[in-house]
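Asks: Structure file protein05.txt, compact mmCIF, C-alpha atoms, is pasted below:
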# COMPACT_ATOMS: atom_id res chain seq x y z
CA MET P 1 115.28 76.38 118.06
CA MET P 2 114.84 79.53 116.05
CA SER P 3 117.57 82.11 116.35
CA ALA P 4 116.71 85.19 118.38
CA HIS P 5 117.69 87.43 115.49
CA SER P 6 116.06 85.73 112.53
CA GLU P 7 113.43 87.54 110.51
CA GLU P 8 110.78 85.05 111.62
CA ALA P 9 111.57 85.41 115.31
CA LEU P 10 111.75 89.21 115.24
CA LYS P 11 108.58 89.53 113.23
CA ALA P 12 106.72 87.27 115.65
CA LEU P 13 107.88 89.47 118.53
CA MET P 14 106.88 92.62 116.67
CA LEU P 15 103.38 91.31 116.00
CA LEU P 16 102.96 90.47 119.69
CA SER P 17 104.32 93.90 120.63
CA LEU P 18 101.81 95.64 118.40
CA ASP P 19 99.09 93.86 120.31
CA GLY P 20 100.52 95.17 123.57
CA ASP P 21 102.60 92.21 124.82
CA GLU P 22 105.21 93.86 127.06
CA ALA P 23 107.43 90.81 127.55
CA ALA P 24 107.66 90.29 123.80
CA TYR P 25 108.40 93.96 123.31
CA ARG P 26 111.24 93.86 125.81
CA ARG P 27 112.75 90.86 124.03
CA LEU P 28 112.34 92.61 120.70
CA LEU P 29 114.04 95.79 121.87
CA ASN P 30 116.93 93.88 123.39
CA ALA P 31 117.36 91.85 120.22
CA VAL P 32 117.30 94.83 117.87
CA ARG P 33 119.64 96.69 120.17
CA VAL P 34 122.28 94.03 119.48
CA LEU P 35 121.55 94.23 115.76
CA LEU P 36 121.89 98.01 115.85
CA ILE P 37 125.25 97.89 117.58
CA GLY P 38 126.50 95.56 114.85
CA TYR P 39 124.94 97.65 112.11
CA TYR P 40 126.24 101.01 113.29
CA SER P 41 129.67 99.83 114.35
CA ARG P 42 130.26 98.54 110.85
CA ARG P 43 129.30 101.90 109.37
CA MET P 44 130.75 104.37 111.82
CA ALA P 45 134.41 103.46 111.87
CA ALA P 46 135.54 106.89 113.04
CA ALA P 47 132.74 107.49 115.48
CA THR P 48 133.15 107.46 119.20
CA LYS P 49 131.36 104.90 121.30
CA ALA P 50 129.15 107.54 122.92
CA ASP P 51 128.01 108.65 119.49
CA MET P 52 127.00 105.16 118.57
CA GLU P 53 125.17 104.61 121.82
CA ASP P 54 123.23 107.84 121.14
CA LEU P 55 122.27 106.60 117.73
CA VAL P 56 121.18 103.21 119.06
CA GLN P 57 118.97 104.93 121.63
CA GLU P 58 117.53 107.31 119.12
CA THR P 59 116.70 104.44 116.79
CA LEU P 60 114.99 102.54 119.59
CA LEU P 61 112.91 105.64 120.35
CA ALA P 62 112.05 105.97 116.65
CA LEU P 63 111.04 102.32 116.45
CA HIS P 64 108.73 102.98 119.38
CA SER P 65 107.13 106.20 118.19
CA ARG P 66 106.79 105.00 114.56
CA ARG P 67 105.69 101.45 115.26
CA GLY P 68 102.30 102.28 113.75
CA THR P 69 103.98 102.49 110.34
CA TYR P 70 104.91 98.81 110.37
CA ASP P 71 102.90 96.82 107.85
CA ARG P 72 102.12 93.43 109.41
CA GLU P 73 102.28 91.75 106.03
CA ARG P 74 105.86 92.75 105.29
CA PRO P 75 109.27 91.69 106.64
CA PHE P 76 110.14 93.23 109.97
CA THR P 77 113.87 93.54 109.28
CA ALA P 78 113.29 95.54 106.09
CA TRP P 79 111.15 98.01 108.05
CA PHE P 80 113.50 98.13 110.98
CA PHE P 81 116.74 98.58 109.05
CA SER P 82 115.09 101.31 106.96
CA ILE P 83 114.66 103.21 110.21
CA ALA P 84 118.23 102.45 111.27
CA ARG P 85 119.54 103.63 107.93
CA TYR P 86 117.45 106.81 108.01
CA LYS P 87 118.70 107.60 111.51
CA LEU P 88 122.29 107.08 110.40
CA ILE P 89 121.88 109.45 107.46
CA ASP P 90 120.08 111.94 109.68
CA HIS P 91 122.85 111.68 112.25
CA HIS P 92 125.50 112.61 109.69
CA ARG P 93 123.31 115.32 108.21
CA GLY P 94 122.81 116.85 111.65
CA ARG P 95 126.54 117.30 111.82
CA GLY P 96 126.63 119.03 108.47
CA GLY P 97 128.40 115.97 107.16
CA ARG P 98 126.14 115.29 104.26
CA ILE P 99 128.94 114.34 101.94
CA MET P 100 130.37 112.00 104.48
CA ALA P 101 127.00 110.34 104.92
CA GLU P 102 126.69 109.78 101.22
CA THR P 103 130.14 108.34 100.82
CA GLU P 104 129.75 106.04 103.78
CA LEU P 105 126.34 104.95 102.64
CA GLY P 106 127.54 103.48 99.43
CA GLU P 107 126.30 100.31 97.86
CA ASP P 108 127.11 98.54 101.08
CA VAL P 109 124.01 99.76 102.89
CA GLU P 110 121.81 100.01 99.84
CA SER P 111 122.33 96.38 98.95
CA ASP P 112 122.16 95.07 102.48
CA TYR P 113 118.48 95.46 103.17
CA ASN P 114 116.55 95.17 99.95
CA GLU P 115 114.04 92.36 99.56
CA GLU P 116 116.45 90.18 97.65
CA ALA P 117 119.12 90.39 100.29
CA LEU P 118 116.48 89.61 102.89
CA THR P 119 115.35 86.43 101.22
CA ALA P 120 118.98 85.50 100.84
CA ARG P 121 119.42 86.07 104.54
CA MET P 122 116.43 83.89 105.30
CA ASP P 123 118.02 81.15 103.20
CA VAL P 124 121.18 81.53 105.23
CA GLU P 125 119.13 81.24 108.41
CA ARG P 126 117.64 78.02 107.14
CA LEU P 127 121.08 76.64 106.33
CA LEU P 128 122.40 77.63 109.72
CA GLU P 129 119.58 75.75 111.44
CA GLY P 130 121.34 72.54 110.43
CA LEU P 131 124.50 73.34 112.38
CA PRO P 132 125.28 72.60 116.02
CA GLU P 133 124.04 75.48 118.12
CA LYS P 134 127.47 76.74 119.16
CA GLN P 135 128.85 77.01 115.64
CA ARG P 136 125.61 78.53 114.43
CA GLU P 137 125.74 81.32 117.00
CA LEU P 138 129.40 82.06 116.31
CA ILE P 139 128.82 82.36 112.58
CA ARG P 140 125.81 84.52 113.16
CA GLN P 141 127.51 86.93 115.51
CA VAL P 142 130.77 87.29 113.64
CA LYS P 143 129.89 86.73 110.01
CA ILE P 144 126.33 88.04 109.84
CA GLU P 145 126.04 90.66 112.56
CA GLY P 146 129.61 91.76 111.98
CA GLN P 147 130.82 91.70 115.56
CA SER P 148 134.52 91.26 116.17
CA VAL P 149 136.05 87.93 117.09
CA ALA P 150 137.47 89.49 120.27
CA ASP P 151 134.09 90.80 121.45
CA THR P 152 132.38 87.53 120.71
CA ALA P 153 135.09 85.58 122.51
CA SER P 154 134.85 87.68 125.65
CA ARG P 155 131.06 87.56 125.59
CA ILE P 156 130.88 83.77 125.51
CA GLY P 157 133.93 83.40 127.70
CA GLN P 158 136.19 81.55 125.29
CA SER P 159 139.50 82.27 123.66
CA GLU P 160 139.68 84.02 120.31
CA SER P 161 141.25 81.00 118.69
CA ALA P 162 138.40 78.80 119.90
CA VAL P 163 135.96 81.22 118.27
CA LYS P 164 137.92 81.18 115.04
CA VAL P 165 138.10 77.41 114.99
CA GLY P 166 134.37 77.16 115.67
CA ILE P 167 133.58 79.48 112.80
CA HIS P 168 135.96 77.66 110.50
CA ARG P 169 134.37 74.29 111.26
CA GLY P 170 130.87 75.69 110.88
CA LEU P 171 131.64 77.20 107.49
CA LYS P 172 133.26 73.98 106.34
CA ALA P 173 130.16 72.03 107.35
CA LEU P 174 127.97 74.53 105.50
CA ALA P 175 130.09 74.21 102.37
CA GLU P 176 129.77 70.45 102.49
CA LYS P 177 126.03 70.71 102.96
CA LEU P 178 125.75 72.96 99.93
CA ARG P 179 127.87 70.65 97.80
CA GLY P 180 125.91 67.62 98.96
CA GLY P 181 122.59 69.35 98.35
CA LYS P 182 123.28 70.09 94.69
CA MET L 1 124.88 101.03 128.32
CA ARG L 2 122.99 101.64 131.53
CA LYS L 3 121.07 104.46 129.89
CA THR L 4 119.94 102.26 127.02
CA ASP L 5 118.55 99.78 129.54
CA ASN L 6 116.56 102.61 131.10
CA ILE L 7 115.24 103.66 127.73
CA ILE L 8 114.13 100.13 126.96
CA ASP L 9 112.39 100.01 130.35
CA SER L 10 110.50 103.21 129.71
CA LEU L 11 109.55 102.19 126.17
CA VAL L 12 108.19 98.88 127.42
CA GLY L 13 106.26 100.76 130.10
CA ASP L 14 104.82 103.06 127.46
CA LEU L 15 103.68 100.24 125.15
CA LYS L 16 100.10 100.51 124.00
CA PRO L 17 98.50 98.24 121.43
CA VAL L 18 98.50 99.58 117.89
CA PRO L 19 95.23 98.96 116.06
CA ARG L 20 95.39 97.36 112.65
CA HIS L 21 95.23 99.91 109.83
CA ALA L 22 96.46 102.63 112.19
CA LEU L 23 98.21 104.41 109.33
CA GLU L 24 95.18 104.25 107.02
CA ARG L 25 93.03 105.66 109.78
CA ARG L 26 95.45 108.50 110.37
CA PHE L 27 95.36 109.41 106.69
CA ALA L 28 91.57 109.49 106.76
CA ILE L 29 91.54 111.65 109.89
CA GLY L 30 94.08 114.07 108.48
CA ILE L 31 92.84 114.44 104.95
CA LEU L 32 89.06 114.19 104.84
CA PRO L 33 88.41 117.13 107.23
CA ALA L 34 91.05 119.17 105.37
CA LEU L 35 89.26 118.46 102.11
CA ALA L 36 85.99 119.57 103.71
CA VAL L 37 87.66 122.83 104.80
CA SER L 38 88.78 123.43 101.20
CA LEU L 39 85.27 122.81 99.91
CA VAL L 40 83.70 125.15 102.46
CA LEU L 41 86.32 127.77 101.67
CA MET L 42 85.53 127.49 97.97
CA LEU L 43 81.78 127.72 98.56
CA ALA L 44 82.25 130.72 100.86
CA ILE L 45 84.67 132.66 98.64
CA LEU L 46 83.54 131.68 95.15
CA GLY L 47 80.40 129.55 95.21
CA LEU L 48 79.49 126.84 92.73
CA ARG L 49 79.80 127.67 89.03
CA ILE L 50 76.86 129.77 87.93
CA ASP L 51 75.85 127.32 85.21
CA MET L 52 76.03 124.30 87.51
CA ALA L 53 72.79 122.69 86.32
CA GLU L 54 73.92 122.62 82.70
CA ALA L 55 77.51 121.85 83.58
CA LEU L 56 76.48 118.54 85.14
CA MET L 57 75.45 117.46 81.63
CA LEU L 58 78.76 118.43 80.07
CA PRO L 59 81.40 115.74 79.50
CA ALA L 60 83.98 118.54 79.83
CA PHE L 61 82.94 119.13 83.43
CA TRP L 62 83.30 115.47 84.36
CA ILE L 63 86.55 114.98 82.47
CA LYS L 64 87.98 117.96 84.34
CA SER L 65 86.75 116.55 87.62
CA ALA L 66 88.12 113.08 86.86
CA TYR L 67 91.52 114.42 85.79
CA ASN L 68 92.05 116.07 89.17
CA ALA L 69 90.47 113.28 91.18
CA LEU L 70 92.60 110.58 89.53
CA LEU L 71 95.81 112.55 90.01
CA ALA L 72 94.88 113.15 93.64
CA ILE L 73 94.12 109.48 94.31
CA ALA L 74 97.36 108.31 92.68
CA ALA L 75 99.38 110.84 94.68
CA PHE L 76 97.62 110.10 97.98
CA LEU L 77 98.31 106.39 97.54
CA ALA L 78 101.97 107.06 96.81
CA ALA L 79 102.23 109.37 99.83
CA TYR L 80 100.62 106.67 101.96
CA HIS L 81 103.26 104.15 100.90
CA LEU L 82 106.05 106.67 101.40
CA ALA L 83 104.87 107.25 104.97
CA ARG L 84 106.40 103.87 105.83
CA PRO L 85 110.19 103.76 106.14
CA ASP L 86 110.44 100.76 103.82
CA GLY L 87 107.79 102.06 101.40
CA SER L 88 108.37 103.40 97.92
CA GLN L 89 106.46 105.65 95.57
CA GLY L 90 105.70 102.56 93.47
CA ARG L 91 104.76 103.59 89.97
CA PHE L 92 103.47 107.05 90.85
CA PHE L 93 105.35 108.90 88.15
CA GLN L 94 104.30 106.47 85.41
CA ILE L 95 100.66 106.62 86.52
CA ALA L 96 100.67 110.42 86.78
CA ALA L 97 102.31 110.65 83.36
CA ALA L 98 99.65 108.34 81.89
CA ILE L 99 96.87 110.52 83.33
CA VAL L 100 98.45 113.72 81.98
CA VAL L 101 99.10 112.18 78.55
CA THR L 102 95.48 110.97 78.37
CA MET L 103 94.36 114.49 79.20
CA ALA L 104 96.66 115.85 76.49
CA VAL L 105 95.11 113.49 73.94
CA VAL L 106 91.62 114.61 74.97
CA ALA L 107 92.74 118.25 74.66
CA VAL L 108 94.16 117.71 71.18
CA ILE L 109 90.98 115.93 70.04
CA GLN L 110 88.91 118.83 71.34
CA LEU L 111 91.10 121.32 69.48
CA ILE L 112 90.88 119.34 66.24
CA MET L 113 87.10 119.24 66.47
CA SER L 114 86.77 122.96 67.17
CA PRO L 115 87.01 126.00 64.87
CA VAL L 116 90.32 127.80 65.07
CA ASP L 117 88.82 131.04 66.33
CA THR L 118 87.76 129.34 69.57
CA TYR L 119 91.36 128.35 70.37
CA PRO L 120 92.18 131.35 72.57
CA LYS L 121 89.07 130.64 74.63
CA MET L 122 89.94 126.98 75.00
CA ILE L 123 93.60 127.54 75.84
CA LEU L 124 93.59 130.78 77.81
CA GLY L 125 89.92 130.93 78.78
CA SER L 126 89.08 133.95 80.85
CA SER L 127 90.82 132.91 84.05
CA ALA L 128 94.24 131.62 83.05
CA LEU L 129 96.13 133.85 85.43
CA HIS L 130 94.22 133.40 88.65
CA CYS L 131 93.27 129.74 88.12
CA PRO L 132 96.62 128.27 89.26
CA LEU L 133 96.75 130.63 92.23
CA LEU L 134 93.24 129.75 93.39
CA ILE L 135 94.05 126.06 93.03
CA PHE L 136 97.13 126.66 95.14
CA LEU L 137 94.99 128.41 97.75
CA PHE L 138 92.42 125.60 97.96
CA ALA L 139 95.25 123.09 98.10
CA LEU L 140 96.73 124.61 101.25
CA PRO L 141 94.30 123.07 103.80
CA VAL L 142 94.82 119.64 102.27
CA PHE L 143 98.56 120.22 102.15
CA ALA L 144 98.53 121.04 105.85
CA GLY L 145 96.50 117.89 106.53
CA ASN L 146 98.96 115.84 104.52
CA ILE L 147 101.95 117.20 106.38
CA TRP L 148 100.20 116.62 109.70
CA VAL L 149 99.73 112.95 108.81
CA LEU L 150 103.21 112.43 107.39
CA ARG L 151 104.92 114.03 110.36
CA ARG L 152 103.57 111.15 112.42
CA GLY L 153 104.65 108.66 109.80
CA ALA L 154 108.20 107.64 109.03
CA PRO L 155 109.08 108.77 105.50
CA THR L 156 112.73 108.36 104.60
CA GLU L 157 112.80 110.26 101.30
CA LEU L 158 111.70 113.62 102.56
CA ARG L 159 111.94 115.71 99.40
CA LEU L 160 110.18 113.12 97.25
CA THR L 161 107.50 112.54 99.89
CA GLY L 162 106.98 116.30 100.22
CA PHE L 163 106.67 116.64 96.46
CA ILE L 164 104.11 113.86 96.13
CA ALA L 165 102.17 115.10 99.16
CA GLY L 166 102.12 118.52 97.44
CA ILE L 167 100.88 117.02 94.19
CA ALA L 168 98.14 115.18 96.09
CA ALA L 169 97.07 118.39 97.84
CA GLY L 170 97.29 120.37 94.58
CA ALA L 171 95.14 117.88 92.70
CA ALA L 172 92.62 117.84 95.56
CA GLY L 173 92.59 121.65 95.52
CA ALA L 174 92.12 121.60 91.75
CA TRP L 175 89.24 119.17 92.13
CA VAL L 176 87.62 121.53 94.65
CA TYR L 177 88.19 124.51 92.34
CA SER L 178 86.66 122.65 89.39
CA TRP L 179 83.24 123.00 91.04
CA PHE L 180 83.49 126.74 90.57
CA CYS L 181 85.52 127.14 87.38
CA THR L 182 83.42 127.63 84.25
CA GLU L 183 86.14 126.82 81.75
CA ASN L 184 85.22 123.98 79.41
CA GLY L 185 88.41 123.92 77.35
CA MET L 186 90.46 120.77 77.94
CA PRO L 187 93.69 122.48 76.84
CA PHE L 188 92.96 125.08 79.52
CA VAL L 189 92.66 122.39 82.18
CA LEU L 190 95.76 120.60 80.95
CA ILE L 191 97.90 123.74 81.18
CA TRP L 192 96.56 125.87 84.00
CA TYR L 193 95.22 123.23 86.35
CA SER L 194 98.43 121.24 86.00
CA LEU L 195 100.40 124.39 86.71
CA GLY L 196 98.49 124.96 89.95
CA ILE L 197 99.06 121.32 90.97
CA LEU L 198 102.73 121.58 90.13
CA LEU L 199 103.06 124.75 92.22
CA THR L 200 101.83 122.84 95.25
CA GLY L 201 104.19 120.00 94.41
CA ILE L 202 107.10 122.42 94.36
CA LEU L 203 106.01 123.82 97.71
CA GLY L 204 106.02 120.27 99.06
CA SER L 205 109.46 119.44 97.74
CA LEU L 206 110.85 122.64 99.25
CA MET L 207 109.22 122.14 102.64
CA GLY L 208 109.49 118.34 102.84
CA PRO L 209 113.05 118.04 104.14
CA ARG L 210 112.34 120.55 106.89
CA LEU L 211 108.78 119.64 107.86
CA LEU L 212 108.93 115.87 107.56
CA ARG L 213 112.17 115.20 109.42
CA TRP L 214 111.83 112.86 112.38
Would you mind writing the file out in structure tokens?
Replies:
Amino acid sequence: MMSAHSEEALKALMLLSLDGDEAAYRRLLNAVRVLLIGYYSRRMAAATKADMEDLVQETLLALHSRRGTYDRERPFTAWFFSIARYKLIDHHRGRGGRIMAETELGEDVESDYNEEALTARMDVERLLEGLPEKQRELIRQVKIEGQSVADTASRIGQSESAVKVGIHRGLKALAEKLRGGK
Amino acid sequence: MRKTDNIIDSLVGDLKPVPRHALERRFAIGILPALAVSLVLMLAILGLRIDMAEALMLPAFWIKSAYNALLAIAAFLAAYHLARPDGSQGRFFQIAAAIVVTMAVVAVIQLIMSPVDTYPKMILGSSALHCPLLIFLFALPVFAGNIWVLRRGAPTELRLTGFIAGIAAGAAGAWVYSWFCTENGMPFVLIWYSLGILLTGILGSLMGPRLLRW
């Protein structure tokens, strides 16, 4: 099964949404909402939770009102994270915190969502497909989306150590796959 | 969290299909009528150049027209790409530089082939001072059309997008003005037309961050 947050899956949902498919659109918005929480929480260490929720909502509204600017031939995540990044910069600017925005938006963000990083991410997705579903989801949530071990553990109803062990095993299996593949 | 759920509900409820090429269509709707307004304005205020019939035979007339048209097309294309959040200006600055350099070469060739006493006429002409201002004036409707389109787009580099939108409008305004202007000196076009285009570009880069924010 394809992951709910892979480029391929999101793009498929976006294309359906552009044609007016409401169910697909709802799934898309719920999926990108999770991505946004991960994205902003990694970049707004000092921010309050209410602030982040505002930003997530504003980005969802922007996705909606600007959806006509999506080019169906190009990756969805590149388009979407460009909006997220713009909204983050705009958010800091609105507070007169231009300098802060620029320091926080260092190479980290710049390098995260260029085409090269995207293809790399798609490669990672492909690798992950080979893992058992549970390990795959743990690695995705913690290592790729950047959510905390504690949050992930409480969401799936397991202990933190179980999450850590799952991730560790998954990564080990990936490493072996890579070694074996070469 | 509850509120976000509500927002998602209302966005889903508001979903309407987006036609393919929605952005291209919006550019056409915003810019072509604006260009028509500029042309009508020019015809009403100035009229076509008095020697139009002969001018159509002059390479100088067509080179002048092509210079502005090519700059406008390059800038409009770049502005179109910049209207997408993940778009870039591509090679706009290289292309614009190539067009200007080609024009400079043409201007130098024309100067070399002409007697020295015609230089003032070819460089300053008889309209050097008001030419850039009139170009700026005829650029304004197109500039407004451009901004109208881009405000519904999602540009992320507001100053750059404003600048290029200004250059596009300026070059379109210059193209409109070239139907009136009787100057045949290529150095004149290179200097004074480019100045008028640049003025509009500066206007765009100043207004971009304010007007294009979303």
Asks: Using only C-alpha atoms, find the one residue out of P:Leu13, P:Val142, P:Leu127, P:Ala175 that sits nearest to Arg72 of chain P.
Replies: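 Looking only at the distances to Arg72 of chain P, the closest residue turns out to be P:Leu13.
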Asks: Give me the residues near segment 147-153 of chain L as a PDB file with C-alpha atoms, in the frame of the given file, where near means some atom within 7 Å (using only C-alpha atoms) and where sequence neighbours in that chain fewer than 6 positions away do not count.
Replies:
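Result file is around25.pdb:
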ATOM      1  CA  ARG P  66     106.790 105.000 114.560  1.00  0.00           C
ATOM      2  CA  THR P  69     103.980 102.490 110.340  1.00  0.00           C
TER       3      THR P  69
ATOM      4  CA  ARG L  26      95.450 108.500 110.370  1.00  0.00           C
ATOM      5  CA  PHE L  27      95.360 109.410 106.690  1.00  0.00           C
ATOM      6  CA  GLY L  30      94.080 114.070 108.480  1.00  0.00           C
ATOM      7  CA  ALA L  83     104.870 107.250 104.970  1.00  0.00           C
ATOM      8  CA  ARG L  84     106.400 103.870 105.830  1.00  0.00           C
ATOM      9  CA  LEU L 212     108.930 115.870 107.560  1.00  0.00           C
TER      10      LEU L 212
END
Asks: May I ask which of the residues L:Asp5, L:Glu54, L:Asp86, L:Glu183 is the closest one to chain P, counting all atoms listed in the file?
Replies: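 Closest residue, counting all atoms listed in the file: L:Asp86.
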Asks: In Å, with one decimal, what is the gap from atom CA of Gly130 of chain P to atom CA of Ser6 of chain P?
Replies: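 Atom CA of Ser6 of chain P lies 14.4 Å from atom CA of Gly130 of chain P.
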Asks: Which is closer to chain P than all the others in L:Ser38, L:Ser114, L:Ser10, L:Asn68, using only C-alpha atoms?
Replies: L:Ser10
Asks: Could you work out which residues of chain L fall inside 8 Å of chain P? Count only C-alpha atoms, and format the result as number ranges by chain.
Replies: L: 1, 4, 7-9, 11-13, 15-19, 22-23, 83-86, 152-154, 156
Asks: Which neighbours of segment 59-66 of chain L fall inside 12 Å, counting only C-alpha atoms, when residues of the same chain fewer than 6 positions from it are skipped, and could you give them as number ranges by chain?
Replies: L: 49, 51-53, 72-74, 99-100, 102-104, 106-107, 110, 122, 171-194
Asks: Report the distance between atom CA of Ser161 of chain P and atom CA of Ser41 of chain P in Å, rounded to one decimal place.
Replies: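 According to the coordinates, atom CA of Ser161 of chain P and atom CA of Ser41 of chain P are separated by 22.5 Å.
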Asks: In Å, how far is it from atom CA of Phe92 of chain L to atom CA of Arg25 of chain L?
Replies: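 Spanning atom CA of Phe92 of chain L to atom CA of Arg25 of chain L is a straight-line distance of 21.7 Å.
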Asks: P:Gly170, P:Thr152, P:Gly157, P:Gln147: which is nearest Gln135 of chain P, counting only C-alpha atoms?
Replies: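 The closest residue to Gln135 of chain P is P:Gly170.
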Asks: Name all residues at most 10 Å from Ile164 of chain L (count only C-alpha atoms; drop same-chain ones fewer than 4 positions away) and give them as a ChimeraX atom specification.
Replies: /L:72,74-80,82,89,92-93,158-160,168-170,198,200-202,204-205,208
Asks: Using the selection just defined, write its residues with C-alpha atoms as an mmCIF file, in the coordinates of the input.
Replies:
data_model
loop_
_atom_site.group_PDB
_atom_site.id
_atom_site.type_symbol
_atom_site.label_atom_id
_atom_site.label_comp_id
_atom_site.auth_asym_id
_atom_site.auth_seq_id
_atom_site.Cartn_x
_atom_site.Cartn_y
_atom_site.Cartn_z
ATOM 1 C CA ALA L 72 94.880 113.150 93.640
ATOM 2 C CA ALA L 74 97.360 108.310 92.680
ATOM 3 C CA ALA L 75 99.380 110.840 94.680
ATOM 4 C CA PHE L 76 97.620 110.100 97.980
ATOM 5 C CA LEU L 77 98.310 106.390 97.540
ATOM 6 C CA ALA L 78 101.970 107.060 96.810
ATOM 7 C CA ALA L 79 102.230 109.370 99.830
ATOM 8 C CA TYR L 80 100.620 106.670 101.960
ATOM 9 C CA LEU L 82 106.050 106.670 101.400
ATOM 10 C CA GLN L 89 106.460 105.650 95.570
ATOM 11 C CA PHE L 92 103.470 107.050 90.850
ATOM 12 C CA PHE L 93 105.350 108.900 88.150
ATOM 13 C CA LEU L 158 111.700 113.620 102.560
ATOM 14 C CA ARG L 159 111.940 115.710 99.400
ATOM 15 C CA LEU L 160 110.180 113.120 97.250
ATOM 16 C CA ALA L 168 98.140 115.180 96.090
ATOM 17 C CA ALA L 169 97.070 118.390 97.840
ATOM 18 C CA GLY L 170 97.290 120.370 94.580
ATOM 19 C CA LEU L 198 102.730 121.580 90.130
ATOM 20 C CA THR L 200 101.830 122.840 95.250
ATOM 21 C CA GLY L 201 104.190 120.000 94.410
ATOM 22 C CA ILE L 202 107.100 122.420 94.360
ATOM 23 C CA GLY L 204 106.020 120.270 99.060
ATOM 24 C CA SER L 205 109.460 119.440 97.740
ATOM 25 C CA GLY L 208 109.490 118.340 102.840
#
